[in-house]
Amino acid sequence: TMLPDLGVCRSLAKGGTPRCAPESSRRRIPVSAWLAGVGLLIAFLSTLGCSARAPGLSMAEGDTLVSVDYEIFGKVQGVFFRKYTQAEGKKLGLVGWVQNTDRGTVQGQLQGPISKVRRMQEWLETKGSPKSHIDRANFSNEKVILKLDYSEFQIVK
C-alpha cells in the first residue's frame with residue numbers, strides 16, 4: 001500500500017532550503033507499525049466476547065448471553081410498571097418475563113446479550129415507569145447461558 005509521505009518535504013526553494021516544516025519537527029510512525037497496532041487492537045477486541053455461544057443464538061455477535069432474575073421494590077404496582085418493563089425489554093432486544101407479586105413488588109427474569117441486560121438492569125433500578133417510585137432493585141441468579149429460554153418478553157398475570 002502506498003501512503004503519502006507526510007513527514008518529508010521533497011520540494012526545495014532557491015538556496016536549497018525546504019519550503020515546509022523540517023522533518024525533525026514532525027512525528028512519523030512507520031506504516032508497518034501503525035498497521036501492526038491496528039491488528040493488535042482488533043485481535044484484543046475480538047477476544048473480549050469469546051465465551052461459549054451456540055451459533056445463530058447469540059443475538060449480537062461477540063456478546064455473551066446471560067440470564068438474571070430481578071425483583072423491584074417501591075411503588076411499582078398500579079403504575080404500569082410491567083407494561084413499561086416489557087416495552088423497554090423489547091426495545092433492547094431482550095427476552096424474559098415480568099409479573100406482580102403478592103408482596104407488592106415486581107419480579108421477573110431477563111435474558112440476552114450482557115451489554116443489553118446491563119442497560120435493562122440500570123433502567124429497572126433508576127427509571128421504571130413514569131409514575132413508579134423505585135426504592136431498590138435486587139438482581140440474583142445471574143449466569144451465562146448458551147441459548148435463550150424465551151422467544152419474547154412477556155407480562156405474566
# chains A, B, ... in the order shown; residues from 1 in each chain; ligands from 1

call {"tool": "residues_around", "arguments": {"residues": "region 79-90 of chain A", "least_positions_apart": "5", "cutoff": "12 Å", "atoms": "only C-alpha atoms", "output": "PyMOL selection string"}}
result
chain A and resi 70-74+95-101+104-113+116-125+127-134+151-157

call {"tool": "atom_distance", "arguments": {"atom1": "CA of Ile145 (chain A)", "atom2": "CA of Ser115 (chain A)"}}
result
14.1 Å

call {"tool": "atom_distance", "arguments": {"atom1": "CA of Leu94 (chain A)", "atom2": "CA of Thr126 (chain A)"}}
result
18.2 Å

call {"tool": "select_by_dssp", "arguments": {"residues": "region 78-130 of chain A", "states": "strand (DSSP E or B)", "output": "PDB file with all heavy atoms, in the first residue's frame"}}
result
ATOM      1  N   VAL A  95     -35.339 -10.933  26.026  1.00  0.00           N
ATOM      2  CA  VAL A  95     -36.484 -11.807  26.261  1.00  0.00           C
ATOM      3  C   VAL A  95     -36.577 -12.057  27.755  1.00  0.00           C
ATOM      4  O   VAL A  95     -35.635 -11.795  28.506  1.00  0.00           O
ATOM      5  CB  VAL A  95     -36.372 -13.149  25.492  1.00  0.00           C
ATOM      6  CG1 VAL A  95     -36.331 -12.898  23.987  1.00  0.00           C
ATOM      7  CG2 VAL A  95     -35.154 -13.950  25.938  1.00  0.00           C
ATOM      8  N   GLY A  96     -37.744 -12.566  28.183  1.00  0.00           N
ATOM      9  CA  GLY A  96     -37.935 -12.866  29.592  1.00  0.00           C
ATOM     10  C   GLY A  96     -39.372 -12.641  29.983  1.00  0.00           C
ATOM     11  O   GLY A  96     -40.287 -12.740  29.157  1.00  0.00           O
ATOM     12  N   TRP A  97     -39.559 -12.269  31.253  1.00  0.00           N
ATOM     13  CA  TRP A  97     -40.911 -12.066  31.757  1.00  0.00           C
ATOM     14  C   TRP A  97     -40.906 -11.099  32.932  1.00  0.00           C
ATOM     15  O   TRP A  97     -39.866 -10.818  33.517  1.00  0.00           O
ATOM     16  CB  TRP A  97     -41.564 -13.397  32.149  1.00  0.00           C
ATOM     17  CG  TRP A  97     -40.773 -14.203  33.137  1.00  0.00           C
ATOM     18  CD1 TRP A  97     -39.778 -15.092  32.841  1.00  0.00           C
ATOM     19  CD2 TRP A  97     -40.882 -14.181  34.564  1.00  0.00           C
ATOM     20  NE1 TRP A  97     -39.276 -15.636  33.998  1.00  0.00           N
ATOM     21  CE2 TRP A  97     -39.940 -15.108  35.071  1.00  0.00           C
ATOM     22  CE3 TRP A  97     -41.686 -13.481  35.458  1.00  0.00           C
ATOM     23  CZ2 TRP A  97     -39.785 -15.331  36.430  1.00  0.00           C
ATOM     24  CZ3 TRP A  97     -41.533 -13.709  36.824  1.00  0.00           C
ATOM     25  CH2 TRP A  97     -40.587 -14.631  37.289  1.00  0.00           C
ATOM     26  N   VAL A  98     -42.110 -10.588  33.243  1.00  0.00           N
ATOM     27  CA  VAL A  98     -42.300  -9.668  34.365  1.00  0.00           C
ATOM     28  C   VAL A  98     -43.670  -9.953  34.975  1.00  0.00           C
ATOM     29  O   VAL A  98     -44.626 -10.257  34.253  1.00  0.00           O
ATOM     30  CB  VAL A  98     -42.170  -8.190  33.926  1.00  0.00           C
ATOM     31  CG1 VAL A  98     -43.178  -7.820  32.844  1.00  0.00           C
ATOM     32  CG2 VAL A  98     -42.267  -7.241  35.113  1.00  0.00           C
ATOM     33  N   GLN A  99     -43.764  -9.904  36.317  1.00  0.00           N
ATOM     34  CA  GLN A  99     -45.058 -10.113  36.973  1.00  0.00           C
ATOM     35  C   GLN A  99     -45.103  -9.389  38.309  1.00  0.00           C
ATOM     36  O   GLN A  99     -44.071  -9.133  38.932  1.00  0.00           O
ATOM     37  CB  GLN A  99     -45.350 -11.602  37.173  1.00  0.00           C
ATOM     38  CG  GLN A  99     -44.540 -12.243  38.259  1.00  0.00           C
ATOM     39  CD  GLN A  99     -44.894 -13.714  38.491  1.00  0.00           C
ATOM     40  OE1 GLN A  99     -44.138 -14.406  39.131  1.00  0.00           O
ATOM     41  NE2 GLN A  99     -46.002 -14.195  37.980  1.00  0.00           N
ATOM     42  N   ASN A 100     -46.324  -9.058  38.745  1.00  0.00           N
ATOM     43  CA  ASN A 100     -46.538  -8.524  40.081  1.00  0.00           C
ATOM     44  C   ASN A 100     -46.455  -9.677  41.079  1.00  0.00           C
ATOM     45  O   ASN A 100     -46.792 -10.816  40.746  1.00  0.00           O
ATOM     46  CB  ASN A 100     -47.920  -7.877  40.188  1.00  0.00           C
ATOM     47  CG  ASN A 100     -47.994  -6.529  39.513  1.00  0.00           C
ATOM     48  OD1 ASN A 100     -46.976  -5.873  39.281  1.00  0.00           O
ATOM     49  ND2 ASN A 100     -49.204  -6.100  39.184  1.00  0.00           N
ATOM     50  N   VAL A 106     -42.402  -6.159  41.985  1.00  0.00           N
ATOM     51  CA  VAL A 106     -42.450  -6.694  40.624  1.00  0.00           C
ATOM     52  C   VAL A 106     -41.217  -7.574  40.472  1.00  0.00           C
ATOM     53  O   VAL A 106     -40.118  -7.193  40.891  1.00  0.00           O
ATOM     54  CB  VAL A 106     -42.452  -5.555  39.573  1.00  0.00           C
ATOM     55  CG1 VAL A 106     -42.239  -6.103  38.172  1.00  0.00           C
ATOM     56  CG2 VAL A 106     -43.756  -4.782  39.636  1.00  0.00           C
ATOM     57  N   GLN A 107     -41.405  -8.765  39.905  1.00  0.00           N
ATOM     58  CA  GLN A 107     -40.280  -9.668  39.708  1.00  0.00           C
ATOM     59  C   GLN A 107     -40.277 -10.195  38.291  1.00  0.00           C
ATOM     60  O   GLN A 107     -41.272 -10.080  37.570  1.00  0.00           O
ATOM     61  CB  GLN A 107     -40.331 -10.832  40.708  1.00  0.00           C
ATOM     62  CG  GLN A 107     -41.462 -11.801  40.446  1.00  0.00           C
ATOM     63  CD  GLN A 107     -41.471 -12.972  41.418  1.00  0.00           C
ATOM     64  OE1 GLN A 107     -40.723 -12.987  42.397  1.00  0.00           O
ATOM     65  NE2 GLN A 107     -42.324 -13.945  41.152  1.00  0.00           N
ATOM     66  N   GLY A 108     -39.146 -10.769  37.892  1.00  0.00           N
ATOM     67  CA  GLY A 108     -39.072 -11.354  36.564  1.00  0.00           C
ATOM     68  C   GLY A 108     -37.690 -11.872  36.258  1.00  0.00           C
ATOM     69  O   GLY A 108     -36.842 -12.033  37.148  1.00  0.00           O
ATOM     70  N   GLN A 109     -37.470 -12.115  34.976  1.00  0.00           N
ATOM     71  CA  GLN A 109     -36.182 -12.614  34.501  1.00  0.00           C
ATOM     72  C   GLN A 109     -35.858 -11.940  33.175  1.00  0.00           C
ATOM     73  O   GLN A 109     -36.732 -11.739  32.332  1.00  0.00           O
ATOM     74  CB  GLN A 109     -36.244 -14.135  34.312  1.00  0.00           C
ATOM     75  CG  GLN A 109     -34.893 -14.774  34.013  1.00  0.00           C
ATOM     76  CD  GLN A 109     -34.997 -16.279  33.932  1.00  0.00           C
ATOM     77  OE1 GLN A 109     -35.643 -16.804  33.026  1.00  0.00           O
ATOM     78  NE2 GLN A 109     -34.377 -16.967  34.882  1.00  0.00           N
ATOM     79  N   LEU A 110     -34.580 -11.593  33.028  1.00  0.00           N
ATOM     80  CA  LEU A 110     -34.064 -11.004  31.785  1.00  0.00           C
ATOM     81  C   LEU A 110     -33.108 -11.992  31.141  1.00  0.00           C
ATOM     82  O   LEU A 110     -32.309 -12.616  31.838  1.00  0.00           O
ATOM     83  CB  LEU A 110     -33.273  -9.728  32.075  1.00  0.00           C
ATOM     84  CG  LEU A 110     -33.913  -8.625  32.895  1.00  0.00           C
ATOM     85  CD1 LEU A 110     -32.868  -7.582  33.258  1.00  0.00           C
ATOM     86  CD2 LEU A 110     -35.055  -8.015  32.129  1.00  0.00           C
ATOM     87  N   GLN A 111     -33.136 -12.082  29.811  1.00  0.00           N
ATOM     88  CA  GLN A 111     -32.145 -12.871  29.075  1.00  0.00           C
ATOM     89  C   GLN A 111     -31.764 -12.137  27.800  1.00  0.00           C
ATOM     90  O   GLN A 111     -32.622 -11.561  27.129  1.00  0.00           O
ATOM     91  CB  GLN A 111     -32.699 -14.258  28.709  1.00  0.00           C
ATOM     92  CG  GLN A 111     -32.907 -15.155  29.895  1.00  0.00           C
ATOM     93  CD  GLN A 111     -33.254 -16.577  29.496  1.00  0.00           C
ATOM     94  OE1 GLN A 111     -33.522 -16.874  28.334  1.00  0.00           O
ATOM     95  NE2 GLN A 111     -33.253 -17.474  30.471  1.00  0.00           N
ATOM     96  N   GLY A 112     -30.469 -12.181  27.481  1.00  0.00           N
ATOM     97  CA  GLY A 112     -29.977 -11.570  26.252  1.00  0.00           C
ATOM     98  C   GLY A 112     -28.499 -11.260  26.368  1.00  0.00           C
ATOM     99  O   GLY A 112     -27.834 -11.673  27.325  1.00  0.00           O
ATOM    100  N   PRO A 113     -27.974 -10.506  25.406  1.00  0.00           N
ATOM    101  CA  PRO A 113     -26.551 -10.114  25.431  1.00  0.00           C
ATOM    102  C   PRO A 113     -26.251  -9.306  26.693  1.00  0.00           C
ATOM    103  O   PRO A 113     -27.033  -8.445  27.079  1.00  0.00           O
ATOM    104  CB  PRO A 113     -26.389  -9.262  24.177  1.00  0.00           C
ATOM    105  CG  PRO A 113     -27.547  -9.608  23.305  1.00  0.00           C
ATOM    106  CD  PRO A 113     -28.667  -9.988  24.221  1.00  0.00           C
TER     107      PRO A 113
END

call {"tool": "atom_distance", "arguments": {"atom1": "CA of Asn138 (chain A)", "atom2": "CA of Tyr150 (chain A)"}}
result
21.5 Å

call {"tool": "select_by_dssp", "arguments": {"residues": "region 57-135 of chain A", "states": "alpha helix (DSSP H)", "output": "list of chain:residue names"}}
result
A:Phe81, A:Arg82, A:Lys83, A:Tyr84, A:Thr85, A:Gln86, A:Ala87, A:Glu88, A:Gly89, A:Lys90, A:Lys91, A:Ile114, A:Ser115, A:Lys116, A:Val117, A:Arg118, A:Arg119, A:Met120, A:Gln121, A:Glu122, A:Trp123, A:Leu124, A:Glu125, A:Thr126
